[in-house]
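S.K.: Here's a structure for you.
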Amino acid sequence: MAVYRRNYKPYVGALTPAWSRCLVLFRYSRRNLFRSKFLTGLFVVCFFYPVLCLTMIYLAHSVSFLEQMGVPPGVVTIDNKFFYHFISVQGVFAFLLTAFAGPGLISPDLANGALPLYFCRPFSRVEYVLGKSSVLAILLSQITWVPGLILFAMQAGLAGAHWAWTNLWIAGSLFLSSLIWIAILSLLAMALSAWVKWRIVAGALLLGVMFFGAGFAQAINAVMRTESGHFIDLAYLMGTVWNALFQVDVDHAIPVAEAWIALLFYCGISLWLLMRKVRAYEVIK
Amino acid sequence: MSTTTQLGAAAGESKVTTAAAPLVPLIELQGLSVRFGNREILNGLTASLRGRSIGLLGPNGAGKSTLINTLLGFYKSCGGSARVFGHDVATEIGKIRGVVGYMPENDAFISKMSAVSFVQMMGELSGLPADMALERAHEALFYVGLAEARYRQLGTYSLGMKQLAKLAQAIVHGPKVLILDEPTNGLDPSARQRMIRMIREIRDGKEMRIVLCSHLLRDVEDTCDEVLILKQGRIAHYSNLDEERRANKRFLELETYGANGDFTEAIEKLGCECAVTANRMKMILADGVETRDIFRLAAERQVRIRRMNFRRDTLEDIFLKAMES
């Protein structure tokens, strides 16, 4: 029927499966995200370092080229530290990307009261959070563990099966370290944007949590002569976990297990804060 | 059709039933109570509503929106039960949401999206395939009169246009029940007329049943055939407007010229109750007395009838009575 015919007809066709509805949210949110040229540019910049790493891995195995350049073999070593640095750099990019992309996912819905329109449909709050967080999760995966594993595969291909087998744990570390970082960034960004409802303020708040958290932690440590201040420094906690995962020898002020628990605690708190705000209507008792 | 209304049947309980109605019950409430903290917002509502278009009336804070939000599963009840199309709100909310289209009272949109994308997304979230959702989004926007503005961002819309966009997203997936919460809020008179006309069209189309929540009596009177009046979280009155209209048909007002006591006496002899002021007469027609009898008496006595109209209780009268009770 032509759309200009001004009448109403009921829908009698087949419905899509219920599980696929959160993909709708993912699709629309991702499309909205990449309307921003700045964000698209930042996303492209996030791939510079992986490309550099890829080149380094290739050069590390091009002995003749290194000889021509006068570089002694073994200067560039592809080991756990190499991948640790990779994930550290990409972690910073992931944080920047989250600060710019994350708050825009939920705050427009809350600011304009759109949540009742989602939840009056056969679409739950959990599906909503899953749909929105999957945007960040996939975006951040594309710049962290996915290129990380590609680098690992490239190194394994050039170095041989023996290297791949003995260093297989690095692939696991790449995945796990990215996963916890993505989880904490996504949940924190969405929780903050749900509470302040203003995209720019939420982005600033996320930067504040990271930088002021670190500063505040140092102040607590200095004033109270303790190391407990590190528990409010997310970057430090994450660094501790990454060091342990990549078996990099660095002295930790707090035990690795406690850093894990603290990070999981922050994930839980963020999720709780998020779910408190993601409702059709807020009940004021 | 018989209607019984029973208020305060049990302690704090209001009860309404409509018997022998042609349609399946749209909303069934059984002692429904909702509490926010210590405040009881809905207090033991019991009703069975079957109308094609049901109005929820009441002053601000009466619990109209809370009732709607409870029916949509947004609020949990602390007692009793509620059913929509026979589906229990507590256990089958997914099924209810699958057949409902909801237009909320407040602003509800995504400012950076175009109307067509917004309505399409809402259609897809209701389970329509993407291509079908797009087609129906265009149709819905044409239907509500936003055809020319459908590619504009919703943030640039006027209040009236936003209301229409909300209506479009509520009907895009072809729901069986359309729940409208204060649909004419903030609209200017012409936009209000347009909205009311559209609601009437939807009602008369018979594809959807309507629940309209408003504190504007005129809106409800214009669009609904059944009214539930709420007051302080209880049912103050239930009214089937069609029946009310029929029941009050025998209340007559006359404006006459040349009438005297003889004419009044003759009417009273027919068994009618009369009240005369100057050249105006108000009467309640007795059983078996028709308007042609009044015309006959007037003709016999050379009385000219300049105006005759049936007066009925308006919704305003009903509402005020309910508020006073």
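Chain lettering (A, B, ...) mirrors the order of the structure tokens, residue numbering begins at 1 for each chain separately, and ligand numbering begins at 1 in order of display.
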Could you please write out, as a ChimeraX atom specification, every residue of stretch 47-225 of chain A that DSSP assigns to helix (DSSP H, G or I)?

M.R.: /A:48-60,63-69,80-101,103-111,115-119,125-143,145-159,161-166,168-196,199-224

S.K.: With only C-alpha atoms counted and 9 Å as the cut-off, give the residues of chain A in contact with chain B, each with its shortest interatomic distance in Å and the pair that gives it, as JSON lines.

M.R.:
{"residue": "A:Ala2", "atom": "CA", "partner": "B:Glu139", "partner_atom": "CA", "distance": 8.2}
{"residue": "A:Val3", "atom": "CA", "partner": "B:Glu139", "partner_atom": "CA", "distance": 4.8}
{"residue": "A:Tyr4", "atom": "CA", "partner": "B:Phe142", "partner_atom": "CA", "distance": 6.1}
{"residue": "A:Arg5", "atom": "CA", "partner": "B:Phe142", "partner_atom": "CA", "distance": 7.7}
{"residue": "A:Arg6", "atom": "CA", "partner": "B:Tyr143", "partner_atom": "CA", "distance": 4.9}
{"residue": "A:Asn7", "atom": "CA", "partner": "B:Tyr143", "partner_atom": "CA", "distance": 5.9}
{"residue": "A:Tyr8", "atom": "CA", "partner": "B:Tyr143", "partner_atom": "CA", "distance": 6.9}
{"residue": "A:Lys9", "atom": "CA", "partner": "B:Gly174", "partner_atom": "CA", "distance": 7.2}
{"residue": "A:Pro10", "atom": "CA", "partner": "B:Gly174", "partner_atom": "CA", "distance": 4.5}
{"residue": "A:Tyr11", "atom": "CA", "partner": "B:Gly174", "partner_atom": "CA", "distance": 5.0}
{"residue": "A:Val12", "atom": "CA", "partner": "B:Gly174", "partner_atom": "CA", "distance": 8.2}
{"residue": "A:Gly13", "atom": "CA", "partner": "B:Leu128", "partner_atom": "CA", "distance": 8.1}
{"residue": "A:Ala14", "atom": "CA", "partner": "B:Leu128", "partner_atom": "CA", "distance": 7.5}
{"residue": "A:Leu15", "atom": "CA", "partner": "B:Gly127", "partner_atom": "CA", "distance": 4.8}
{"residue": "A:Thr16", "atom": "CA", "partner": "B:Gly127", "partner_atom": "CA", "distance": 4.9}
{"residue": "A:Pro17", "atom": "CA", "partner": "B:Gly127", "partner_atom": "CA", "distance": 7.2}
{"residue": "A:Ala18", "atom": "CA", "partner": "B:Gly127", "partner_atom": "CA", "distance": 7.2}
{"residue": "A:Ser20", "atom": "CA", "partner": "B:Gly127", "partner_atom": "CA", "distance": 8.8}
{"residue": "A:Arg21", "atom": "CA", "partner": "B:Leu125", "partner_atom": "CA", "distance": 5.6}
{"residue": "A:Cys22", "atom": "CA", "partner": "B:Leu125", "partner_atom": "CA", "distance": 7.9}
{"residue": "A:Val24", "atom": "CA", "partner": "B:Leu125", "partner_atom": "CA", "distance": 6.7}
{"residue": "A:Leu25", "atom": "CA", "partner": "B:Leu125", "partner_atom": "CA", "distance": 7.9}
{"residue": "A:Tyr28", "atom": "CA", "partner": "B:Met121", "partner_atom": "CA", "distance": 7.6}
{"residue": "A:Asn32", "atom": "CA", "partner": "B:Met113", "partner_atom": "CA", "distance": 8.3}
{"residue": "A:Pro108", "atom": "CA", "partner": "B:Ile110", "partner_atom": "CA", "distance": 6.3}
{"residue": "A:Asp109", "atom": "CA", "partner": "B:Ile110", "partner_atom": "CA", "distance": 6.1}
{"residue": "A:Ala111", "atom": "CA", "partner": "B:Ile110", "partner_atom": "CA", "distance": 8.6}
{"residue": "A:Asn112", "atom": "CA", "partner": "B:Ala108", "partner_atom": "CA", "distance": 5.5}
{"residue": "A:Gly113", "atom": "CA", "partner": "B:Ala108", "partner_atom": "CA", "distance": 4.6}
{"residue": "A:Ala114", "atom": "CA", "partner": "B:Ala108", "partner_atom": "CA", "distance": 4.4}
{"residue": "A:Leu115", "atom": "CA", "partner": "B:Ala108", "partner_atom": "CA", "distance": 7.6}
{"residue": "A:Pro116", "atom": "CA", "partner": "B:Pro104", "partner_atom": "CA", "distance": 7.4}
{"residue": "A:Leu117", "atom": "CA", "partner": "B:Ala108", "partner_atom": "CA", "distance": 7.1}
{"residue": "A:Tyr118", "atom": "CA", "partner": "B:Met122", "partner_atom": "CA", "distance": 7.3}
{"residue": "A:Phe119", "atom": "CA", "partner": "B:Phe74", "partner_atom": "CA", "distance": 8.0}
{"residue": "A:Cys120", "atom": "CA", "partner": "B:Arg97", "partner_atom": "CA", "distance": 5.7}
{"residue": "A:Arg121", "atom": "CA", "partner": "B:Arg97", "partner_atom": "CA", "distance": 4.9}
{"residue": "A:Pro122", "atom": "CA", "partner": "B:Gly94", "partner_atom": "CA", "distance": 5.2}
{"residue": "A:Phe123", "atom": "CA", "partner": "B:Leu125", "partner_atom": "CA", "distance": 7.0}
{"residue": "A:Ser124", "atom": "CA", "partner": "B:Gly94", "partner_atom": "CA", "distance": 8.8}
{"residue": "A:Arg279", "atom": "CA", "partner": "B:Phe74", "partner_atom": "CA", "distance": 7.8}
{"residue": "A:Ala280", "atom": "CA", "partner": "B:Phe74", "partner_atom": "CA", "distance": 6.2}
{"residue": "A:Tyr281", "atom": "CA", "partner": "B:Phe74", "partner_atom": "CA", "distance": 6.9}
{"residue": "A:Val283", "atom": "CA", "partner": "B:Phe36", "partner_atom": "CA", "distance": 7.1}
{"residue": "A:Ile284", "atom": "CA", "partner": "B:Phe36", "partner_atom": "CA", "distance": 7.3}
{"residue": "A:Lys285", "atom": "CA", "partner": "B:Gly37", "partner_atom": "CA", "distance": 4.9}

S.K.: Write out as number ranges by chain which residues come within 10 Å of stretch 174-176 of chain A when counting only C-alpha atoms, dropping same-chain ones fewer than 2 positions away.

M.R.: A: 80, 83-84, 86-87, 141, 144-149, 152, 169-172, 178-182, 241-242, 245-246

S.K.: Give me a file of those residues, with N, CA and C atoms, as a PDB file, in the first residue's frame.

M.R.:
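Full text of out.pdb as output:
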ATOM      1  N   ASN A  80      56.347 -11.330  26.348  1.00  0.00           N
ATOM      2  CA  ASN A  80      55.213 -10.886  27.169  1.00  0.00           C
ATOM      3  C   ASN A  80      55.228  -9.371  27.393  1.00  0.00           C
ATOM      4  N   PHE A  83      53.701  -7.466  24.487  1.00  0.00           N
ATOM      5  CA  PHE A  83      52.223  -7.488  24.491  1.00  0.00           C
ATOM      6  C   PHE A  83      51.647  -6.702  25.666  1.00  0.00           C
ATOM      7  N   TYR A  84      52.413  -6.659  26.763  1.00  0.00           N
ATOM      8  CA  TYR A  84      51.984  -5.848  27.916  1.00  0.00           C
ATOM      9  C   TYR A  84      51.955  -4.364  27.523  1.00  0.00           C
ATOM     10  N   PHE A  86      51.691  -3.261  24.523  1.00  0.00           N
ATOM     11  CA  PHE A  86      50.612  -3.115  23.535  1.00  0.00           C
ATOM     12  C   PHE A  86      49.277  -2.874  24.250  1.00  0.00           C
ATOM     13  N   ILE A  87      48.990  -3.722  25.245  1.00  0.00           N
ATOM     14  CA  ILE A  87      47.689  -3.604  25.910  1.00  0.00           C
ATOM     15  C   ILE A  87      47.614  -2.327  26.753  1.00  0.00           C
ATOM     16  N   SER A 141      36.628  -3.891  21.931  1.00  0.00           N
ATOM     17  CA  SER A 141      37.268  -5.157  21.543  1.00  0.00           C
ATOM     18  C   SER A 141      38.054  -4.969  20.245  1.00  0.00           C
ATOM     19  N   THR A 144      41.403  -3.589  21.187  1.00  0.00           N
ATOM     20  CA  THR A 144      42.222  -4.191  22.253  1.00  0.00           C
ATOM     21  C   THR A 144      42.557  -5.651  21.937  1.00  0.00           C
ATOM     22  N   TRP A 145      41.691  -6.547  22.358  1.00  0.00           N
ATOM     23  CA  TRP A 145      42.086  -7.953  22.239  1.00  0.00           C
ATOM     24  C   TRP A 145      42.045  -8.502  20.806  1.00  0.00           C
ATOM     25  N   VAL A 146      41.180  -7.925  19.979  1.00  0.00           N
ATOM     26  CA  VAL A 146      41.131  -8.435  18.588  1.00  0.00           C
ATOM     27  C   VAL A 146      42.460  -8.147  17.865  1.00  0.00           C
ATOM     28  N   PRO A 147      42.931  -6.884  17.831  1.00  0.00           N
ATOM     29  CA  PRO A 147      44.256  -6.673  17.206  1.00  0.00           C
ATOM     30  C   PRO A 147      45.370  -7.363  17.993  1.00  0.00           C
ATOM     31  N   GLY A 148      45.195  -7.472  19.318  1.00  0.00           N
ATOM     32  CA  GLY A 148      46.190  -8.163  20.144  1.00  0.00           C
ATOM     33  C   GLY A 148      46.354  -9.606  19.709  1.00  0.00           C
ATOM     34  N   LEU A 149      45.238 -10.258  19.497  1.00  0.00           N
ATOM     35  CA  LEU A 149      45.306 -11.666  19.081  1.00  0.00           C
ATOM     36  C   LEU A 149      45.814 -11.793  17.639  1.00  0.00           C
ATOM     37  N   PHE A 152      49.424 -11.588  17.978  1.00  0.00           N
ATOM     38  CA  PHE A 152      49.917 -12.847  18.532  1.00  0.00           C
ATOM     39  C   PHE A 152      49.969 -13.918  17.431  1.00  0.00           C
ATOM     40  N   TRP A 169      49.797 -18.699  26.797  1.00  0.00           N
ATOM     41  CA  TRP A 169      49.183 -17.980  27.922  1.00  0.00           C
ATOM     42  C   TRP A 169      49.085 -16.476  27.655  1.00  0.00           C
ATOM     43  N   ILE A 170      49.985 -15.963  26.788  1.00  0.00           N
ATOM     44  CA  ILE A 170      49.935 -14.514  26.480  1.00  0.00           C
ATOM     45  C   ILE A 170      48.610 -14.179  25.778  1.00  0.00           C
ATOM     46  N   ALA A 171      48.174 -15.095  24.906  1.00  0.00           N
ATOM     47  CA  ALA A 171      46.886 -14.870  24.210  1.00  0.00           C
ATOM     48  C   ALA A 171      45.747 -14.796  25.227  1.00  0.00           C
ATOM     49  N   GLY A 172      45.789 -15.700  26.203  1.00  0.00           N
ATOM     50  CA  GLY A 172      44.770 -15.684  27.258  1.00  0.00           C
ATOM     51  C   GLY A 172      44.831 -14.394  28.054  1.00  0.00           C
ATOM     52  N   SER A 178      41.959  -7.438  28.516  1.00  0.00           N
ATOM     53  CA  SER A 178      41.077  -6.539  27.754  1.00  0.00           C
ATOM     54  C   SER A 178      39.653  -6.634  28.279  1.00  0.00           C
ATOM     55  N   LEU A 179      39.274  -7.849  28.576  1.00  0.00           N
ATOM     56  CA  LEU A 179      37.888  -8.081  28.990  1.00  0.00           C
ATOM     57  C   LEU A 179      37.541  -7.307  30.267  1.00  0.00           C
ATOM     58  N   ILE A 180      38.413  -7.372  31.246  1.00  0.00           N
ATOM     59  CA  ILE A 180      38.116  -6.687  32.526  1.00  0.00           C
ATOM     60  C   ILE A 180      38.162  -5.174  32.341  1.00  0.00           C
ATOM     61  N   TRP A 181      39.078  -4.710  31.503  1.00  0.00           N
ATOM     62  CA  TRP A 181      39.174  -3.269  31.236  1.00  0.00           C
ATOM     63  C   TRP A 181      37.919  -2.776  30.494  1.00  0.00           C
ATOM     64  N   ILE A 182      37.489  -3.551  29.507  1.00  0.00           N
ATOM     65  CA  ILE A 182      36.284  -3.191  28.734  1.00  0.00           C
ATOM     66  C   ILE A 182      35.066  -3.187  29.659  1.00  0.00           C
ATOM     67  N   VAL A 241      46.704  -5.731  37.948  1.00  0.00           N
ATOM     68  CA  VAL A 241      46.159  -6.958  37.355  1.00  0.00           C
ATOM     69  C   VAL A 241      46.878  -7.291  36.040  1.00  0.00           C
ATOM     70  N   TRP A 242      47.115  -6.280  35.238  1.00  0.00           N
ATOM     71  CA  TRP A 242      47.804  -6.514  33.966  1.00  0.00           C
ATOM     72  C   TRP A 242      49.226  -7.032  34.197  1.00  0.00           C
ATOM     73  N   LEU A 245      48.950 -10.583  35.005  1.00  0.00           N
ATOM     74  CA  LEU A 245      48.527 -11.410  33.869  1.00  0.00           C
ATOM     75  C   LEU A 245      49.651 -11.608  32.850  1.00  0.00           C
ATOM     76  N   PHE A 246      50.446 -10.557  32.651  1.00  0.00           N
ATOM     77  CA  PHE A 246      51.532 -10.656  31.664  1.00  0.00           C
ATOM     78  C   PHE A 246      52.873 -11.035  32.316  1.00  0.00           C
TER      79      PHE A 246
END

S.K.: From a DSSP pass on the backbone, collect the residues of stretch 48-103 of chain B flagged as strand (DSSP E) and hand them back as a list of chain:residue names.

M.R.: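 Answer for stretch 48-103 of chain B, restricted to strand (DSSP E): B:Ser48, B:Leu49, B:Ser53, B:Ile54, B:Gly55, B:Leu56, B:Leu57, B:Gly79, B:Gly80, B:Ser81, B:Ala82, B:Arg83, B:Val84, B:His87, B:Asp88, B:Val100, B:Gly101, B:Tyr102, B:Met103.
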
S.K.: Just write the chosen residues, N, CA and C atoms, as a compact mmCIF listing (two decimals), in the first residue's frame.

M.R.:
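Wrote it out as again-v5.txt, contents follow:
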# COMPACT_ATOMS: atom_id res chain seq x y z
N SER B 48 -14.03 -4.31 36.05
CA SER B 48 -13.91 -5.07 34.82
C SER B 48 -14.36 -4.14 33.70
N LEU B 49 -13.44 -3.74 32.87
CA LEU B 49 -13.74 -2.73 31.85
C LEU B 49 -13.69 -3.37 30.47
N SER B 53 -13.49 2.09 24.09
CA SER B 53 -12.64 3.22 24.42
C SER B 53 -12.90 3.59 25.88
N ILE B 54 -11.93 3.37 26.71
CA ILE B 54 -12.10 3.55 28.15
C ILE B 54 -11.36 4.80 28.61
N GLY B 55 -12.05 5.64 29.34
CA GLY B 55 -11.43 6.85 29.86
C GLY B 55 -11.11 6.70 31.33
N LEU B 56 -9.91 7.10 31.70
CA LEU B 56 -9.57 7.15 33.13
C LEU B 56 -9.53 8.62 33.51
N LEU B 57 -10.44 8.97 34.38
CA LEU B 57 -10.58 10.38 34.76
C LEU B 57 -10.22 10.56 36.22
N GLY B 79 -0.73 -5.52 46.29
CA GLY B 79 -1.87 -6.37 46.64
C GLY B 79 -2.82 -6.48 45.47
N GLY B 80 -3.58 -7.57 45.44
CA GLY B 80 -4.55 -7.75 44.36
C GLY B 80 -3.88 -8.12 43.05
N SER B 81 -4.68 -8.08 41.99
CA SER B 81 -4.13 -8.47 40.68
C SER B 81 -4.74 -7.60 39.59
N ALA B 82 -4.11 -7.60 38.47
CA ALA B 82 -4.61 -6.86 37.30
C ALA B 82 -4.38 -7.71 36.06
N ARG B 83 -5.34 -7.67 35.16
CA ARG B 83 -5.22 -8.42 33.90
C ARG B 83 -5.53 -7.49 32.74
N VAL B 84 -4.78 -7.67 31.67
CA VAL B 84 -5.06 -6.95 30.43
C VAL B 84 -5.28 -8.02 29.37
N HIS B 87 -4.39 -11.46 30.40
CA HIS B 87 -3.02 -11.77 30.80
C HIS B 87 -2.71 -11.09 32.13
N ASP B 88 -2.18 -11.86 33.05
CA ASP B 88 -1.86 -11.33 34.36
C ASP B 88 -0.64 -10.41 34.27
N VAL B 100 0.34 -4.00 23.33
CA VAL B 100 0.02 -2.64 23.78
C VAL B 100 0.84 -1.61 23.00
N GLY B 101 0.22 -0.50 22.71
CA GLY B 101 0.94 0.67 22.22
C GLY B 101 0.76 1.76 23.26
N TYR B 102 1.84 2.41 23.64
CA TYR B 102 1.77 3.34 24.77
C TYR B 102 2.29 4.71 24.36
N MET B 103 1.50 5.69 24.66
CA MET B 103 1.91 7.08 24.44
C MET B 103 2.02 7.75 25.80
